[in-house]
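**Student:** Here you go, this is protein_24.txt (compact mmCIF, C-alpha atoms and all ligand atoms).
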```
# COMPACT_ATOMS: atom_id res chain seq x y z
CA MET G 15 10.28 12.04 -22.25
CA LYS G 16 12.61 11.22 -19.35
CA LYS G 17 13.64 7.74 -18.30
CA ALA G 18 14.82 6.16 -15.08
CA ARG G 19 15.88 2.54 -14.82
CA VAL G 20 15.48 0.11 -11.96
CA LYS G 21 18.45 -2.22 -12.31
CA LEU G 22 17.71 -5.67 -10.95
CA GLU G 23 19.31 -8.01 -13.48
CA GLU G 24 16.54 -9.98 -15.21
CA ASN G 25 13.91 -7.99 -13.29
CA SER G 26 15.13 -4.60 -14.53
CA TYR G 27 12.65 -2.14 -15.97
CA GLU G 28 12.19 1.39 -17.26
CA VAL G 29 10.24 4.19 -15.66
CA LEU G 30 9.08 6.58 -18.39
CA ILE G 31 8.01 10.10 -17.48
CA GLY G 32 6.51 12.69 -19.82
CA ALA G 33 3.42 14.62 -20.85
CA ASN G 34 0.96 12.86 -23.16
CA ILE G 35 2.99 9.68 -23.52
CA TYR G 36 0.16 7.13 -23.26
CA PRO G 37 -0.07 6.94 -27.09
CA GLN G 38 3.39 5.34 -26.98
CA LEU G 39 2.31 2.58 -24.59
CA GLY G 40 1.22 0.08 -27.23
CA GLY G 41 4.54 0.42 -29.06
CA TYR G 42 6.49 -0.21 -25.86
CA LEU G 43 4.36 -3.25 -25.00
CA ARG G 44 4.86 -4.68 -28.47
CA LYS G 45 8.60 -4.15 -28.30
CA MET G 46 8.57 -6.02 -24.99
CA GLY G 47 6.85 -8.95 -26.68
CA PHE G 48 3.29 -8.46 -25.42
CA LYS G 49 0.35 -9.03 -27.72
CA GLY G 50 -3.27 -10.13 -27.60
CA ASN G 51 -5.38 -9.54 -24.55
CA ALA G 52 -4.59 -7.55 -21.46
CA VAL G 53 -6.49 -6.72 -18.30
CA MET G 54 -6.75 -3.19 -16.97
CA ILE G 55 -7.46 -2.71 -13.27
CA THR G 56 -8.64 0.74 -12.19
CA ASN G 57 -11.31 2.52 -10.17
CA PRO G 58 -14.48 4.22 -11.45
CA ILE G 59 -13.06 7.76 -11.09
CA VAL G 60 -9.89 7.05 -13.03
CA GLN G 61 -11.76 4.84 -15.50
CA LYS G 62 -14.02 7.73 -16.39
CA LEU G 63 -11.18 10.23 -16.66
CA TYR G 64 -8.57 8.14 -18.51
CA GLY G 65 -9.55 4.48 -18.69
CA GLU G 66 -11.50 4.58 -21.91
CA TYR G 67 -8.83 6.71 -23.51
CA VAL G 68 -6.06 4.21 -22.67
CA GLN G 69 -8.27 1.32 -23.74
CA GLN G 70 -8.87 2.92 -27.13
CA LEU G 71 -5.22 3.69 -27.65
CA LEU G 72 -4.30 0.08 -26.95
CA PHE G 73 -7.15 -1.18 -29.10
CA LYS G 74 -5.77 0.84 -32.01
CA ASP G 75 -2.44 -0.89 -31.41
CA GLY G 76 -4.07 -4.30 -31.66
CA PHE G 77 -4.61 -5.14 -27.98
CA GLY G 78 -7.88 -6.43 -26.57
CA ILE G 79 -8.49 -4.92 -23.14
CA SER G 80 -10.83 -6.18 -20.43
CA THR G 81 -11.30 -3.60 -17.71
CA PHE G 82 -12.10 -4.43 -14.09
CA THR G 83 -12.89 -1.65 -11.65
CA VAL G 84 -12.57 -1.68 -7.89
CA GLU G 85 -14.34 0.94 -5.75
CA ASP G 86 -12.25 3.98 -4.87
CA GLY G 87 -10.45 4.19 -1.55
CA GLU G 88 -7.93 2.58 0.78
CA ALA G 89 -10.73 0.42 2.25
CA TYR G 90 -10.79 -1.47 -1.05
CA LYS G 91 -7.09 -2.35 -0.91
CA SER G 92 -8.24 -5.60 0.63
CA LEU G 93 -8.24 -9.35 0.25
CA GLU G 94 -11.95 -9.09 -0.64
CA SER G 95 -11.11 -6.91 -3.65
CA ALA G 96 -8.28 -9.29 -4.57
CA MET G 97 -10.76 -12.19 -4.40
CA GLN G 98 -13.10 -10.41 -6.80
CA LEU G 99 -10.28 -9.78 -9.21
CA TYR G 100 -9.08 -13.41 -8.96
CA GLY G 101 -12.65 -14.47 -9.78
CA ALA G 102 -12.77 -12.18 -12.80
CA LEU G 103 -9.40 -13.44 -14.04
CA CYS G 104 -10.56 -17.01 -13.58
CA ASN G 105 -13.80 -16.37 -15.50
CA MET G 106 -11.96 -14.91 -18.44
CA ARG G 107 -9.43 -17.77 -18.32
CA ALA G 108 -6.45 -15.53 -17.84
CA GLU G 109 -3.16 -17.23 -18.60
CA ARG G 110 0.39 -16.83 -17.36
CA SER G 111 1.01 -14.44 -20.24
CA THR G 112 -2.00 -12.21 -19.56
CA LEU G 113 -0.72 -8.71 -18.93
CA ILE G 114 -2.11 -6.75 -15.97
CA ILE G 115 -2.20 -2.98 -16.40
CA ALA G 116 -2.69 -1.01 -13.18
CA LEU G 117 -4.19 2.40 -13.97
CA GLY G 118 -4.58 4.57 -10.87
CA GLY G 119 -2.98 5.81 -7.69
CA GLY G 120 -1.11 3.82 -5.08
CA VAL G 121 -4.20 1.95 -3.94
CA ILE G 122 -4.86 0.49 -7.39
CA GLY G 123 -1.14 -0.07 -8.01
CA ASP G 124 -0.65 -1.99 -4.76
CA LEU G 125 -3.83 -4.05 -5.18
CA ALA G 126 -3.41 -4.84 -8.89
CA GLY G 127 0.26 -5.57 -8.22
CA PHE G 128 -0.68 -7.97 -5.43
CA VAL G 129 -3.14 -9.77 -7.70
CA ALA G 130 -0.57 -9.89 -10.52
CA ALA G 131 2.03 -11.29 -8.11
CA THR G 132 -0.20 -14.09 -6.88
CA TYR G 133 -2.58 -15.15 -9.64
CA LEU G 134 -1.08 -18.19 -11.40
CA ARG G 135 2.06 -17.42 -9.36
CA GLY G 136 2.68 -14.25 -11.32
CA LEU G 137 1.30 -12.37 -14.31
CA PRO G 138 3.27 -9.63 -16.07
CA LEU G 139 2.47 -6.19 -14.64
CA VAL G 140 2.63 -2.66 -16.03
CA HIS G 141 1.99 0.38 -13.87
CA LEU G 142 0.30 3.49 -15.23
CA PRO G 143 0.42 5.64 -12.06
CA THR G 144 -2.06 8.54 -12.07
CA THR G 145 -1.33 10.35 -8.79
CA LEU G 146 1.77 12.36 -8.02
CA LEU G 147 2.52 10.00 -5.12
CA ALA G 148 2.20 6.94 -7.32
CA GLN G 149 4.40 8.48 -10.05
CA VAL G 150 7.27 9.31 -7.70
CA ASP G 151 6.93 6.53 -5.19
CA SER G 152 4.49 3.62 -5.09
CA SER G 153 4.74 2.44 -8.71
CA ILE G 154 8.52 2.07 -8.44
CA GLY G 155 10.17 -0.62 -6.36
CA GLY G 156 7.93 -3.65 -6.48
CA LYS G 157 6.23 -3.49 -3.10
CA VAL G 158 2.70 -4.77 -3.59
CA ALA G 159 0.22 -5.39 -0.80
CA VAL G 160 -3.26 -5.29 0.65
CA ASP G 161 -4.39 -4.18 4.11
CA LEU G 162 -5.90 -6.49 6.71
CA ASN G 163 -7.81 -5.60 9.91
CA ASN G 164 -6.60 -2.02 9.91
CA TYR G 165 -2.98 -3.08 9.44
CA LYS G 166 -1.62 -1.40 6.37
CA ASN G 167 0.26 -3.40 3.75
CA ILE G 168 0.42 -6.41 6.03
CA VAL G 169 -0.09 -9.04 3.31
CA GLY G 170 2.11 -8.53 0.31
CA ALA G 171 5.10 -9.37 -1.82
CA PHE G 172 8.00 -7.93 -3.72
CA TYR G 173 6.91 -8.08 -7.33
CA GLN G 174 8.51 -5.85 -9.92
CA PRO G 175 6.57 -4.49 -12.89
CA LYS G 176 7.81 -4.86 -16.45
CA LEU G 177 7.33 -1.15 -17.13
CA VAL G 178 6.16 2.03 -15.41
CA MET G 179 4.71 4.76 -17.59
CA ALA G 180 3.98 8.01 -15.76
CA ASP G 181 2.02 10.37 -17.99
CA ILE G 182 2.16 13.70 -16.20
CA ALA G 183 -0.74 15.07 -18.25
CA VAL G 184 -3.16 13.04 -16.12
CA LEU G 185 -2.13 14.85 -12.96
CA LYS G 186 -4.08 17.98 -13.91
CA THR G 187 -7.32 16.51 -12.53
CA LEU G 188 -5.82 15.77 -9.10
CA PRO G 189 -7.23 17.65 -6.12
CA GLU G 190 -4.68 19.86 -4.36
CA ILE G 191 -4.59 17.63 -1.30
CA GLU G 192 -3.35 14.76 -3.50
CA VAL G 193 -0.71 17.00 -5.06
CA ASN G 194 0.51 17.91 -1.56
CA ASN G 195 0.61 14.24 -0.68
CA GLY G 196 3.08 13.60 -3.50
CA LEU G 197 4.99 16.78 -2.78
CA ALA G 198 5.85 15.51 0.70
CA GLU G 199 7.63 12.54 -0.88
CA ILE G 200 9.39 14.75 -3.44
CA ILE G 201 10.72 16.97 -0.64
CA LYS G 202 11.76 13.77 1.15
CA TYR G 203 13.85 12.68 -1.85
CA GLY G 204 15.53 16.08 -1.85
CA VAL G 205 16.47 15.81 1.81
CA ILE G 206 17.75 12.25 1.61
CA ARG G 207 19.69 12.45 -1.66
CA ASP G 208 19.54 15.64 -3.67
CA PRO G 209 19.90 19.24 -2.45
CA HIS G 210 19.25 20.53 -5.99
CA LEU G 211 15.91 18.75 -6.17
CA PHE G 212 15.05 20.12 -2.72
CA THR G 213 15.80 23.69 -3.80
CA PHE G 214 14.22 23.34 -7.24
CA ALA G 215 10.99 21.92 -5.84
CA GLY G 216 10.91 24.57 -3.10
CA LEU G 217 11.34 27.39 -5.60
CA ASN G 218 8.73 26.00 -7.98
CA LEU G 219 5.89 25.03 -5.69
CA ARG G 220 3.44 27.28 -7.50
CA MET G 221 4.43 25.86 -10.89
CA ILE G 222 4.04 22.31 -9.56
CA LYS G 223 0.60 23.09 -8.17
CA GLY G 224 -0.29 24.72 -11.47
CA PHE G 225 0.74 21.51 -13.30
CA GLU G 226 3.37 23.27 -15.39
CA PRO G 227 4.58 20.34 -17.55
CA SER G 228 8.30 21.10 -17.75
CA VAL G 229 8.61 21.66 -14.00
CA LEU G 230 6.51 18.60 -13.19
CA GLN G 231 8.57 16.47 -15.54
CA GLU G 232 11.74 17.68 -13.86
CA VAL G 233 10.71 17.01 -10.25
CA ILE G 234 9.00 13.71 -11.05
CA SER G 235 11.86 12.35 -13.13
CA GLN G 236 14.46 13.37 -10.55
CA SER G 237 12.41 11.79 -7.76
CA ALA G 238 11.77 8.63 -9.77
CA ALA G 239 15.49 8.39 -10.53
CA ILE G 240 16.33 8.54 -6.82
CA LYS G 241 13.75 5.90 -5.94
CA ALA G 242 14.93 3.70 -8.83
CA GLU G 243 18.55 4.02 -7.75
CA ILE G 244 17.83 3.15 -4.12
CA VAL G 245 15.62 0.18 -5.07
CA SER G 246 18.36 -1.03 -7.42
CA GLU G 247 20.73 -1.08 -4.44
CA ASP G 248 18.33 -2.93 -2.15
CA GLU G 249 15.36 -4.62 -3.79
CA LYS G 250 14.11 -6.44 -0.67
CA ASP G 251 14.43 -3.58 1.82
CA ILE G 252 17.20 -4.95 4.00
CA GLY G 253 19.62 -2.01 3.90
CA ALA G 254 19.89 1.00 1.60
CA ARG G 255 16.13 1.30 1.19
CA ASN G 256 15.91 2.34 4.85
CA VAL G 257 16.65 5.95 3.95
CA LEU G 258 13.29 6.12 2.16
CA ASN G 259 11.74 5.98 5.62
CA TYR G 260 12.89 9.48 6.47
CA GLY G 261 9.84 11.08 8.14
CA HIS G 262 8.03 7.74 8.18
CA THR G 263 8.85 6.43 11.68
CA VAL G 264 6.81 9.22 13.22
CA GLY G 265 4.62 9.56 10.11
CA HIS G 266 3.29 6.00 10.31
CA ALA G 267 2.61 6.39 14.03
CA ILE G 268 0.68 9.62 13.41
CA GLU G 269 -1.38 7.92 10.70
CA ALA G 270 -2.22 5.07 13.07
CA VAL G 271 -3.12 7.36 15.99
CA SER G 272 -5.34 9.46 13.72
CA GLY G 273 -7.19 6.29 12.72
CA PHE G 274 -5.86 6.85 9.18
CA ASN G 275 -7.91 10.02 8.95
CA ILE G 276 -5.08 12.12 7.58
CA LYS G 277 -3.17 11.88 4.35
CA HIS G 278 0.08 9.95 4.38
CA GLY G 279 1.95 13.00 3.01
CA SER G 280 0.76 15.19 5.88
CA ALA G 281 1.85 12.64 8.46
CA VAL G 282 5.22 12.22 6.77
CA ALA G 283 5.69 16.00 6.57
CA VAL G 284 5.30 16.22 10.35
CA GLY G 285 7.60 13.20 10.68
CA MET G 286 10.29 14.90 8.57
CA VAL G 287 10.21 18.00 10.77
CA VAL G 288 10.29 15.90 13.94
CA ALA G 289 13.27 13.91 12.60
CA GLY G 290 14.99 17.20 11.76
CA ARG G 291 14.42 18.49 15.28
CA ILE G 292 15.81 15.29 16.77
CA ALA G 293 18.93 15.63 14.61
CA VAL G 294 19.36 19.28 15.67
CA SER G 295 18.97 18.45 19.35
CA MET G 296 21.56 15.67 18.97
CA GLY G 297 23.94 18.25 17.51
CA LYS G 298 24.05 16.43 14.16
CA PHE G 299 22.15 18.89 11.98
CA ASN G 300 22.33 22.62 11.36
CA LYS G 301 19.39 24.67 12.65
CA MET G 302 19.26 26.85 9.50
CA GLU G 303 18.89 23.79 7.28
CA PHE G 304 16.25 22.42 9.63
CA LEU G 305 14.27 25.65 9.24
CA LYS G 306 14.62 25.41 5.46
CA ILE G 307 12.96 21.99 5.50
CA LYS G 308 10.19 23.19 7.80
CA GLU G 309 9.51 26.31 5.74
CA THR G 310 9.51 24.42 2.45
CA LEU G 311 6.94 21.94 3.78
CA GLU G 312 4.80 24.79 5.11
CA SER G 313 5.00 26.67 1.79
CA ALA G 314 3.90 23.47 0.08
CA GLY G 315 0.75 23.56 2.20
CA LEU G 316 1.84 20.69 4.43
CA PRO G 317 1.68 20.58 8.23
CA SER G 318 4.93 20.82 10.19
CA SER G 319 3.98 19.85 13.74
CA LEU G 320 1.60 17.63 15.63
CA GLN G 321 -0.33 20.73 16.74
CA SER G 322 -0.70 22.05 13.21
CA LEU G 323 -2.68 18.93 12.32
CA ASN G 324 -5.42 20.24 14.61
CA LEU G 325 -6.56 16.78 15.58
CA GLY G 326 -5.64 16.96 19.25
CA LEU G 327 -3.17 14.09 18.87
CA ARG G 328 -0.98 13.59 21.94
CA PRO G 329 2.78 13.03 21.74
CA GLU G 330 2.46 10.12 24.23
CA ASP G 331 0.04 8.32 21.93
CA VAL G 332 2.30 8.81 18.93
CA LEU G 333 5.24 7.43 20.93
CA GLU G 334 3.14 4.44 21.94
CA ALA G 335 2.09 3.80 18.33
CA MET G 336 5.73 3.88 17.24
CA LYS G 337 6.28 0.70 19.22
CA TYR G 338 4.05 -1.14 16.78
CA ASP G 339 5.85 -0.01 13.67
CA LYS G 340 6.83 -2.85 11.33
CA LYS G 341 10.34 -1.41 11.23
CA ILE G 342 11.07 -1.74 14.92
CA ILE G 343 14.17 -3.81 15.56
CA ASP G 344 14.82 -5.15 19.08
CA GLY G 345 12.23 -2.81 20.56
CA LYS G 346 13.98 0.38 19.40
CA SER G 347 12.57 2.70 16.80
CA ARG G 348 14.91 3.33 13.98
CA PHE G 349 15.16 6.93 12.82
CA VAL G 350 16.44 8.28 9.55
CA LEU G 351 17.87 11.68 10.45
CA PRO G 352 19.20 14.46 8.23
CA ARG G 353 22.88 15.30 8.43
CA SER G 354 22.56 18.00 5.79
CA ILE G 355 19.98 18.63 3.08
CA GLY G 356 20.84 15.84 0.64
CA SER G 357 22.27 13.39 3.14
CA VAL G 358 20.81 11.31 5.97
CA PHE G 359 22.04 8.78 8.52
CA ILE G 360 20.41 6.00 10.52
CA ALA G 361 20.08 6.42 14.27
CA ASP G 362 19.13 3.24 16.08
CA SER G 363 18.59 4.32 19.66
CA VAL G 364 17.30 7.85 19.99
CA PRO G 365 16.27 8.49 23.63
CA THR G 366 12.50 8.59 24.05
CA ALA G 367 12.72 11.94 25.87
CA VAL G 368 14.34 13.53 22.82
CA VAL G 369 11.62 12.17 20.53
CA LYS G 370 8.91 13.36 22.91
CA GLN G 371 10.34 16.86 23.05
CA ALA G 372 10.51 17.01 19.26
CA LEU G 373 6.88 15.88 19.05
CA GLU G 374 5.80 18.58 21.52
CA SER G 375 7.43 21.47 19.64
CA SER G 376 5.47 23.53 17.16
N1 LIG G 401 4.07 0.19 -2.96
C1 LIG G 401 4.73 1.20 -2.43
O1 LIG G 401 5.95 1.24 -2.43
C2 LIG G 401 3.94 2.32 -1.83
C3 LIG G 401 4.58 3.53 -1.51
C4 LIG G 401 3.82 4.58 -1.03
C5 LIG G 401 2.45 4.43 -0.87
N2 LIG G 401 1.86 3.24 -1.17
C6 LIG G 401 0.41 3.05 -1.04
O2 LIG G 401 -0.23 3.93 -1.95
C7 LIG G 401 -1.53 4.23 -1.46
C8 LIG G 401 -1.78 5.71 -1.59
O3 LIG G 401 -1.70 6.07 -2.94
P1 LIG G 401 -2.27 7.46 -3.50
O4 LIG G 401 -1.80 8.54 -2.62
O5 LIG G 401 -1.96 7.50 -4.94
O6 LIG G 401 -3.83 7.33 -3.19
P2 LIG G 401 -5.05 6.76 -4.04
O7 LIG G 401 -4.65 5.66 -4.91
O8 LIG G 401 -6.14 6.51 -3.06
O9 LIG G 401 -5.47 7.99 -4.95
C9 LIG G 401 -5.89 9.19 -4.33
C10 LIG G 401 -7.23 9.68 -4.92
O10 LIG G 401 -6.98 10.25 -6.21
C11 LIG G 401 -7.86 9.69 -7.18
N3 LIG G 401 -7.15 9.77 -8.45
C12 LIG G 401 -6.16 8.98 -8.90
N4 LIG G 401 -5.66 9.48 -10.04
C13 LIG G 401 -6.35 10.60 -10.33
C14 LIG G 401 -6.27 11.58 -11.35
N5 LIG G 401 -5.34 11.51 -12.30
N6 LIG G 401 -7.15 12.62 -11.31
C15 LIG G 401 -8.06 12.72 -10.30
N7 LIG G 401 -8.16 11.86 -9.29
C16 LIG G 401 -7.30 10.80 -9.30
C17 LIG G 401 -8.14 8.31 -6.65
O11 LIG G 401 -9.33 7.79 -7.20
C18 LIG G 401 -8.24 8.58 -5.15
O12 LIG G 401 -9.52 9.07 -4.82
C19 LIG G 401 -1.59 3.71 -0.03
O13 LIG G 401 -2.35 2.55 -0.01
C20 LIG G 401 -0.14 3.40 0.30
O14 LIG G 401 -0.01 2.34 1.23
C21 LIG G 401 2.58 2.20 -1.66
ZN ZN G 402 5.65 7.55 2.08
```
Would you mind writing the structure in this file as structure tokens?
Ligand SMILES: NC(=O)c1ccc[n+]([C@@H]2O[C@H](COP(=O)([O-])OP(=O)(O)OC[C@H]3O[C@@H](n4cnc5c(N)ncnc54)[C@H](O)[C@@H]3O)[C@@H](O)[C@H]2O)c1
Ligand SMILES: [Zn+2]
**Tutor:**
Amino acid sequence: MKKARVKLEENSYEVLIGANIYPQLGGYLRKMGFKGNAVMITNPIVQKLYGEYVQQLLFKDGFGISTFTVEDGEAYKSLESAMQLYGALCNMRAERSTLIIALGGGVIGDLAGFVAATYLRGLPLVHLPTTLLAQVDSSIGGKVAVDLNNYKNIVGAFYQPKLVMADIAVLKTLPEIEVNNGLAEIIKYGVIRDPHLFTFAGLNLRMIKGFEPSVLQEVISQSAAIKAEIVSEDEKDIGARNVLNYGHTVGHAIEAVSGFNIKHGSAVAVGMVVAGRIAVSMGKFNKMEFLKIKETLESAGLPSSLQSLNLGLRPEDVLEAMKYDKKIIDGKSRFVLPRSIGSVFIADSVPTAVVKQALESS
């Protein structure tokens, strides 16, 4: 088992990564002082695959588990779902000490985290992320939220979990499109912080897609360590955490223009290539390294241009959508651009014409 640590003084926590580690969960919870009843929040798909198994393991360790399921899908990351969960917690007379266990992908993690953050002004939270994206990204860092009126993550909080346990054995049931979704973020971590991770992931794409445990453990733990380190530097997203948005300025705009009909990872993959192109055209980034990023994303099965999405999205519309990004400061889109693979910089005022040209290229 590998460990990463998010260091936030009294809010610090461990991220545990390994194959078949759920049997150790009860022991960890006990050591952390939890006992009695806990609530597991999941969706019907994950419940069927792993929910009962986790419940039984915890039962053997002396925990009583009530499980609440929320329908599958981003549409259920909503205040309505939160209301239902609040009602269920109220009915069972949940107390300040009642532990919430989020078992699922980023949707369940964000929703259960939001409920944990707000019910009785905060219940302890443990994440059991079951998608590659959730294991390397959404379960780490304490951003919890629900969507409202088509605005993603618009109502939320910073609320750190007590523990994250990423059992990589559960990834084997993920559809390939979900693996690719997580891979985009792994490649992102490589570009922003770690050339070795970038190369290792690129060379082992087939092993990752084949769920080879030692390779998965390596890329997930290295990615989790990078996310944990960056969050430790900037819990509330006012500085260092910016670099995590590499590929996301354009990525978020593409998601919005597509009506959220494409996967986040695909949009971010295009965004990473566009950011690379911008950096090359500004003379800040080497063309060979740019091509390496593009080719690695393509080999991973991810799109690398607006055209390759085949949705007929227009560069003008993407530019327009960028104006509505939450991260806009003083009307200018902020770009995270690569300087070399493993290092990025922030560019605050990239000329629109340069962005447009990068969006038009294939
Ligand atoms: N909080 C953060 O910092 C943060 C960061 C990135 C993304 N997010 C959020 O995460 C969400 C996306 O998360 P996601 O990509 O995990 O999507 P998801 O939670 O919708 O899961 C994707 C699909 O995989 C299924 N699934 C989950 N685990 C499975 C398993 N082990 N085997 C088979 N199927 C499984 C789910 O039921 C779902 O159908 C978005 O709402 C996004 O806003 C949050
Ligand atoms: Zn992302």
**Student:** Show me which residues sit within 6 Å of ligand LIG 401 (chain G) when counting all atoms listed in the file, and put them as a PyMOL selection string.
**Tutor:** chain G and resi 59-60+86-88+118-122+124+144-145+147-148+151-152+157-158+184-185+187-188
**Student:** Using C-alpha atoms, can you write the selected residues to a file as a compact mmCIF listing (two decimals), keeping the file's coordinate frame?
**Tutor:**
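Now in part.txt:
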```
# COMPACT_ATOMS: atom_id res chain seq x y z
CA ILE G 59 -13.06 7.76 -11.09
CA VAL G 60 -9.89 7.05 -13.03
CA ASP G 86 -12.25 3.98 -4.87
CA GLY G 87 -10.45 4.19 -1.55
CA GLU G 88 -7.93 2.58 0.78
CA GLY G 118 -4.58 4.57 -10.87
CA GLY G 119 -2.98 5.81 -7.69
CA GLY G 120 -1.11 3.82 -5.08
CA VAL G 121 -4.20 1.95 -3.94
CA ILE G 122 -4.86 0.49 -7.39
CA ASP G 124 -0.65 -1.99 -4.76
CA THR G 144 -2.06 8.54 -12.07
CA THR G 145 -1.33 10.35 -8.79
CA LEU G 147 2.52 10.00 -5.12
CA ALA G 148 2.20 6.94 -7.32
CA ASP G 151 6.93 6.53 -5.19
CA SER G 152 4.49 3.62 -5.09
CA LYS G 157 6.23 -3.49 -3.10
CA VAL G 158 2.70 -4.77 -3.59
CA VAL G 184 -3.16 13.04 -16.12
CA LEU G 185 -2.13 14.85 -12.96
CA THR G 187 -7.32 16.51 -12.53
CA LEU G 188 -5.82 15.77 -9.10
```
**Student:** Report, in Å with one decimal, the straight-line distance from atom CA of Asn195 of chain G to atom CA of Val368 of chain G.
**Tutor:**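 Those two atoms sit 27.2 Å apart.
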**Student:** Given the choices G:Leu103, G:Ile55, G:Ala18, G:Gly356, which gets closest to Glu232 of chain G if the distance is worked out from only C-alpha atoms?
**Tutor:**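 Using only C-alpha atoms, Glu232 of chain G sits closest to G:Ala18.
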**Student:** Within 10 Å of ligand ZN 402 (chain G), counting only C-alpha atoms and all ligand atoms: which residues, as a list in words?
**Tutor:**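 The neighbouring residues of ligand ZN 402 (chain G) are, in order, Leu147, Asp151, Ser152, Asn195, Gly196, Ala198, Glu199, Ile200, Lys202, Leu258, Asn259, Tyr260, Gly261, His262, Gly265, His266, His278, Gly279, Ser280, Ala281, Val282 and Ala283 of chain G.
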**Student:** Nearest to Glu334 of chain G among G:Ile268, G:Val193, G:Leu211, G:Leu305, with distances taken over only C-alpha atoms: which residue is it?
**Tutor:**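 Residue with the minimum atom-to-atom distance to Glu334 of chain G: G:Ile268.
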**Student:** Between atom CA of Val245 of chain G and atom CA of Val160 of chain G, what is the distance, to one decimal in Å?
**Tutor:** 20.5 Å
**Student:** Quick one, how far is atom CA of Ala267 of chain G from atom CA of Leu325 of chain G?
**Tutor:**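 Those two atoms sit 13.9 Å apart.
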**Student:** So, counting only C-alpha atoms, which residue among G:Ala52, G:Leu230, G:Leu71, G:Leu93 is closest to Ile114 of chain G?
**Tutor:** G:Ala52
**Student:** Write out as a tab-separated table the residues of segment 119-183 of chain G that have any atom within 10 Å of an atom of segment 29-44 of chain G, one row each with the nearest atom pair and its distance in Å to one decimal, counting all atoms listed in the file, sorted by chain and then rising number.
**Tutor:**
```
residue	atom	partner	partner_atom	distance
G:Val140	CA	G:Leu43	CA	9.2
G:His141	CA	G:Val29	CA	9.3
G:Leu142	CA	G:Tyr36	CA	8.8
G:Gln149	CA	G:Ile31	CA	8.4
G:Val150	CA	G:Ile31	CA	9.8
G:Ser153	CA	G:Val29	CA	9.0
G:Ile154	CA	G:Val29	CA	7.7
G:Pro175	CA	G:Val29	CA	9.8
G:Lys176	CA	G:Leu43	CA	9.4
G:Leu177	CA	G:Val29	CA	6.3
G:Val178	CA	G:Val29	CA	4.6
G:Met179	CA	G:Leu30	CA	4.8
G:Ala180	CA	G:Ile31	CA	4.9
G:Asp181	CA	G:Ala33	CA	5.3
G:Ile182	CA	G:Ala33	CA	4.9
G:Ala183	CA	G:Ala33	CA	4.9
```
**Student:** Tell me, as a compact mmCIF listing (two decimals) with C-alpha atoms, keeping the file's coordinate frame, which residues lie within 12 Å of Leu134 of chain G, counting only C-alpha atoms; anything in the same chain fewer than 4 positions away does not count.
**Tutor:**
```txt
# COMPACT_ATOMS: atom_id res chain seq x y z
CA TYR G 100 -9.08 -13.41 -8.96
CA LEU G 103 -9.40 -13.44 -14.04
CA CYS G 104 -10.56 -17.01 -13.58
CA ARG G 107 -9.43 -17.77 -18.32
CA ALA G 108 -6.45 -15.53 -17.84
CA GLU G 109 -3.16 -17.23 -18.60
CA ARG G 110 0.39 -16.83 -17.36
CA SER G 111 1.01 -14.44 -20.24
CA THR G 112 -2.00 -12.21 -19.56
CA PHE G 128 -0.68 -7.97 -5.43
CA VAL G 129 -3.14 -9.77 -7.70
CA ALA G 130 -0.57 -9.89 -10.52
CA PRO G 138 3.27 -9.63 -16.07
```
**Student:** With distances taken over all atoms listed in the file, which residue among G:Leu323, G:Ile307, G:Leu113, G:Ile206 lies nearest Ser376 of chain G?
**Tutor:**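 Of the candidates, the smallest distance to Ser376 of chain G is held by G:Leu323.
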**Student:** When you count only C-alpha atoms, which of these residues is closest to Gly290 of chain G: G:Val229, G:Leu333, G:Ser375, G:Ala238?
**Tutor:** G:Ser375
**Student:** Looking at all atoms listed in the file, which of G:Leu219, G:Val257, G:Ala159, G:Ile234 is the one that sits closest to Val205 of chain G?
**Tutor:**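 Nearest to Val205 of chain G: G:Val257.
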**Student:** From (5.5, 8.1, 22.5), in the file's coordinates, out to 10 Å: which residues are reached, counting all atoms listed in the file? Answer as a list in words.
**Tutor:**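 Counting all atoms listed in the file, I find these residues within 10 Å of (5.5, 8.1, 22.5): Val264, Ala267, Arg328, Pro329, Glu330, Asp331, Val332, Leu333, Glu334, Ala335, Met336, Lys337, Thr366, Ala367, Val369, Lys370 and Leu373 of chain G.
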**Student:** I want to know what sits within 9 Å of Ser357 of chain G, based on only C-alpha atoms, with residues of the same chain fewer than 6 positions away left out; could you give that as a ChimeraX atom specification?
**Tutor:** /G:204-209,351
